[in-house]
Amino acid sequence: MNRFAPLHALALLGGLLALPAVAAESDQPSSCGYRAADDDRPRIGLALSGGGARGLAHIGVLKALEAQGVRVDCVAGTSMGSLVGAFYAIGMPVEDMEAIILSLEWADLFNDSLERPQRSIRRKDEDRLSLSGVGVGIRIDEEGAGLKLATGVLAGQRIQAFFEKTMLAATTVEHFDHLPIPFRAVATDINTGLAVVLDRGSLATAMRASMSLPAVFDPVEIDGKVLVDGGLANQLPIDVVRQMGAEVVIAVNVGMPLEQLDSNANLLTVINQLTSLMTVGNTRDAIATLGDADVLITPALGTDVGSAEFDRGAEAIAIGYDSAVAATDQLAALVSNRPTRMALLRLDKVPVIDFVRLDNRTPYANEVILQRIDLPIGQRLNTLELEAQLRGVYGLGTFAQVSYQVVNEGGRNGVIITALPKAHGPNYVQIGLELNSDFSSAFGANFRASLLMAPISEYGAEARLFGQIGSEPAAGGELYWPLDPLNRNAFLLRGFYESADVQLFDERGNNVANYDVNQITASAGWVREFGNLGALSVAYRIGAGETKVAVGDPALPEPDFDIGDLTIALTLDRLDSLYFPREGYYARLGVLASREVIGADTDFVQADFDLLGARSHGKHSLQYGMRLHSTTSGVAPIQSLYRLGGRGRGIGYRRNEISGQNYLVLVGGYLYELADIFGRGAFVGGSLELTNVWEDRADIAWDQAVLHGGVYLGFDSWIGPMLLGYGAREGDQGTLFLEIGRQF
């Protein structure tokens with residue numbers, strides 16, 4: 001069974017079982033080709049089925065048809081058949097089509113998440129909290145509250161942009177009959193179960209609608225109809241090309257055949273079979289309408305080439321070619337002495353843009369979108385620059401899609417930019433899990449959840465409620481309020497309760513006590529953002545807390561404390577991943593001043609510098625880093641001590657095993673990418689780290705530095721980073737460690 005089939009099957013099952021018997025909604029006129037007066041050959045219609053990656057075999061079929069001199073007069077496609085069919089209909093040479101298809105990074109095309117450097121600073125900050133979205137929101141209205149679910153795993157941000165770019169040649173074509181080869185895309189109306197034949201409008205949007213696998217891709221709305229993948233209603237659109245006027249049909253079926261199951265079939269296999277029954281059933285009905293003059297080509301893909309195995313595209317194309325060659329005798333009667341292609345479109349022509357219009361269906365002000373887009377009027381469209389600018393808008397993280405469409409209105413070319421909100425917003429549930437253990441004496445576990453409300457103002461203000469239960473309970477909230485459309489300046493208000501475990505050590509490194517430190521704080525600050533590069537922040541914080549001895553001499557002091565400090569920090573963040581970086585850099589310089597005059601009970605100053613960089617070469621990458629944190633004046637109290645332990649902070653220490661007034665860590669690391677699992681990397685890595693922790697800055701000495709080494713397996717999971725490894729340091733036994741969802 002195709003390894004991705006269970007995902008597709010579970011996504012489709014509910015909708016498939018609810019669909020009624022279907023028939024096509026269509027009253028299409030005869031439009032199959034433009035015939036010269038002396039051309040008495042039959043009109044030939046090409047019907048291309050859906051099938052995901054298996055549909056790439058259609059390209060091989062087209063290569064064989066052209067080689068044999070078979071001229072196609074009209075084409076209709078479903079799902080992947082609509083993609084190949086549209087490419088062919090606009091006049092794209094089959095060789096170019098094959099080159100484009102085989103060069104695509106399909107995993108990226110079917111992944112709407114942005115590379116981390118392209119995300120906004122706010123979204124990058126969520127990585128530091130180790131919070132992940134789960135496609136669930138909270139509905140709050142006059143009727144009460146309830147859950148809202150995302151309409152699909154993918155909104156189709158990247159695939160829509162790909163279709164728009166490749167279909168630019170069809171910008172001025174209002175009806176698909178006016179393409180070099182008349183064309184139809186087939187989708188399914190999710191509300192009626194009827195096939196919908198798309199024959200006009202945006203060719204890119206028609207292709208996107210035809211490929212909208214329910215619950216995987218968001219549906220597409222066209223003319224008031226909510227459309228999903230056409231295979232649910234008409235997997236092999238033979239009837240559509242007949243309605244277009246085809247007198248002979250060449251039908252290409254690349255659908256996945258049913259499996260042969262027995263009574264021991266597992267649940268996922270049964271669900272996959274149930275979903276396949278729908279498409280196989282309507283395909284069987286369509287094939288039954290073929291006549292003696294028609295040709296059915298079924299590429300011999302078997303059950304081996306799966307619908308998601310786009311890495312086997314060359315193999316699928318070759319199988320398609322061989323299957324069409326095998327049908328040479330049947331196709332012989334359809335060979336034409338006229339050219340097999342009509343080239344009416346200039347595929348290399350890029351339109352000059354006369355106007356830009358925004359279709360903003362979100363709560364954001366138009367300026368939030370338009371000020372991030374620079375599209376010169378009177379110049380040719382640069383699709384690469386436009387796509388990069390749209391990704392900048394999408395990087396705010398609360399849009400379902402920010403796409404463009406090139407249109408021609410009254411002889412003027414324009415770009416319509418459409419911004420859609422997420423279906424499960426604007427109140428998003430985020431979760432995180434944190435576990436750490438040395439499989440001996442130390443164990444910690446925290447589950448965290450957040451409700452992000454965004455946007456709550458037209459400039460994109462956000463509010464967050466946060467809670468954590470477990471070893472270190474926490475609760476709080478924050479309000480982020482931008483003052484301008486580009487979010488360059490913003491106020492940030494926070495209030496938090498936190499409980500932390502702090503360990504104290506003597507000068508020989510022996511643990512003398514464990515303290516529970518509980519504190520409540522409130523802060524107000526200003527943030528100056530530099531696009532998605534970094535930010536400068538200033539914050540004033542006040543609070544109060546208490547300390548209790550959890551392990552150690554009961555006679556040890558348990559002081560209460562007051563907090564009053566001012567923090568200034570400059571952060572630059574261009575890493576591709578905080579936890580398993582392969583490219584980019586991260587730097588932070590911060591100063592915290594605690595003063596009695598602003599509410600503290602202790603005067604001290606701490607200066608922090610963090611640097612982490614990475615360079616990759618193929619699957620290999622090297623990391624380098626430095627952390628220098630120092631109490632530069634005064635003595636920091638228990639709650640403000642620096643805590644070390646774990647990868648990047650002394651991999652030979654257990655987490656929070658050591659604390660002090662000052663520390664230095666130098667890091668060198670290596671990563672090898674083992675696999676990419678649904679866009680998430682699995683790695684094996686190692687690091688060498690040199691650490692020094694000291695109480696008095698005058699005591700720093702290189703001969704007291706401790707060398708650490710460690711190896712680990714890592715996975716950048718949906719709930720945060722996972723590491724299982726072994727670390728050791730000079731003069732001490734090693735420690736086995738497990739970390740999940742560690743905060744940065």
# chains A, B, ... in the order shown; residues from 1 in each chain; ligands from 1
>>> select_by_dssp(residues="region 157-188 of chain A", states="strand (DSSP E)", output="ChimeraX atom specification")
/A:183-188
>>> residues_around(residues="Ala474 (chain A)", least_positions_apart="6", cutoff="8 Å", atoms="only C-alpha atoms", output="VMD selection string")
chain A and resid 466 to 468 496 to 499
>>> residues_around(residues="Ile638 (chain A)", least_positions_apart="3", cutoff="10 Å", atoms="only C-alpha atoms", output="JSON, numbers by chain")
{"A": [502, 503, 504, 515, 516, 517, 547, 558, 559, 561, 635, 641, 642, 659, 660, 661]}
>>> write_last_selection(atoms="N, CA, C and O atoms", output="tab-separated table (two decimals), in the first residue's frame")
chain	number	residue	atom	x	y	z
A	502	VAL	N	15.79	25.55	41.15
A	502	VAL	CA	17.16	26.09	41.10
A	502	VAL	C	18.03	25.29	42.05
A	502	VAL	O	17.68	25.08	43.22
A	503	GLN	N	19.18	24.82	41.54
A	503	GLN	CA	20.11	24.04	42.35
A	503	GLN	C	21.33	24.89	42.71
A	503	GLN	O	21.85	25.64	41.86
A	504	LEU	N	21.78	24.77	43.97
A	504	LEU	CA	22.95	25.50	44.44
A	504	LEU	C	24.11	24.53	44.65
A	504	LEU	O	23.91	23.40	45.10
A	515	TYR	N	16.22	24.56	45.39
A	515	TYR	CA	15.22	25.54	45.78
A	515	TYR	C	14.05	25.53	44.80
A	515	TYR	O	14.25	25.43	43.58
A	516	ASP	N	12.84	25.65	45.33
A	516	ASP	CA	11.68	26.01	44.52
A	516	ASP	C	11.54	27.52	44.56
A	516	ASP	O	11.44	28.11	45.65
A	517	VAL	N	11.56	28.15	43.40
A	517	VAL	CA	11.46	29.61	43.30
A	517	VAL	C	10.16	29.96	42.60
A	517	VAL	O	9.94	29.57	41.44
A	547	THR	N	11.21	31.92	47.94
A	547	THR	CA	12.04	30.74	47.74
A	547	THR	C	11.80	29.76	48.88
A	547	THR	O	11.59	30.15	50.03
A	558	GLU	N	15.42	31.09	53.35
A	558	GLU	CA	14.35	31.04	52.35
A	558	GLU	C	13.81	32.45	52.14
A	558	GLU	O	12.71	32.80	52.59
A	559	PRO	N	14.60	33.28	51.48
A	559	PRO	CA	14.21	34.69	51.39
A	559	PRO	C	13.06	34.94	50.41
A	559	PRO	O	12.95	34.27	49.38
A	561	PHE	N	11.50	37.94	47.90
A	561	PHE	CA	12.23	38.94	47.11
A	561	PHE	C	11.28	39.81	46.31
A	561	PHE	O	10.13	39.44	46.03
A	635	VAL	N	25.63	41.14	43.26
A	635	VAL	CA	25.49	39.69	43.37
A	635	VAL	C	24.05	39.32	43.04
A	635	VAL	O	23.12	39.80	43.70
A	641	LEU	N	20.08	33.50	39.25
A	641	LEU	CA	21.29	32.77	38.90
A	641	LEU	C	21.16	32.14	37.51
A	641	LEU	O	20.08	31.74	37.09
A	642	TYR	N	22.28	32.05	36.81
A	642	TYR	CA	22.31	31.36	35.53
A	642	TYR	C	22.30	29.85	35.79
A	642	TYR	O	22.99	29.36	36.68
A	659	SER	N	24.62	25.95	38.52
A	659	SER	CA	24.20	27.34	38.40
A	659	SER	C	25.29	28.24	38.95
A	659	SER	O	26.18	27.79	39.68
A	660	GLY	N	25.24	29.52	38.60
A	660	GLY	CA	26.26	30.43	39.08
A	660	GLY	C	26.03	31.85	38.63
A	660	GLY	O	25.06	32.17	37.93
A	661	GLN	N	26.94	32.73	39.04
A	661	GLN	CA	26.85	34.15	38.71
A	661	GLN	C	27.35	34.45	37.30
A	661	GLN	O	26.93	35.44	36.70
>>> select_by_dssp(residues="region 297-498 of chain A", states="alpha helix (DSSP H)", output="ChimeraX atom specification")
/A:313-326,328-331,366-370,383-394
>>> closest_residue(among="A:Tyr663, A:Tyr88, A:Trp702, A:Tyr585", to="Ala607 (chain A)", atoms="only C-alpha atoms")
A:Tyr663
>>> closest_residue(among="A:Glu462, A:Asp229, A:Asp562, A:Glu596", to="Ser79 (chain A)", atoms="only C-alpha atoms")
A:Asp229
>>> residues_around(residues="Ala324 (chain A)", least_positions_apart="4", cutoff="12 Å", atoms="only C-alpha atoms", output="PyMOL selection string")
chain A and resi 57-68+70+250-253+295-300+317-320+328-332
>>> closest_residue(among="A:Tyr480, A:Asp374, A:Glu164, A:Gly392", to="Pro455 (chain A)", atoms="only C-alpha atoms")
A:Tyr480
>>> residues_around(residues="Asp565 (chain A)", least_positions_apart="5", cutoff="8 Å", atoms="only C-alpha atoms", output="list of chain:residue names")
A:Tyr540, A:Arg541, A:Ile542, A:Leu592, A:Ala593, A:Ser594, A:Arg595, A:Ile598, A:Gly599, A:Ala600
>>> residues_around(residues="region 675-686 of chain A", least_positions_apart="3", cutoff="10 Å", atoms="only C-alpha atoms", output="PyMOL selection string")
chain A and resi 4+107-108+110-111+113+580+619-623+647+651+668-672+709-718+721-727
>>> atom_distance(atom1="CA of Thr151 (chain A)", atom2="CA of Asp218 (chain A)")
5.5 Å
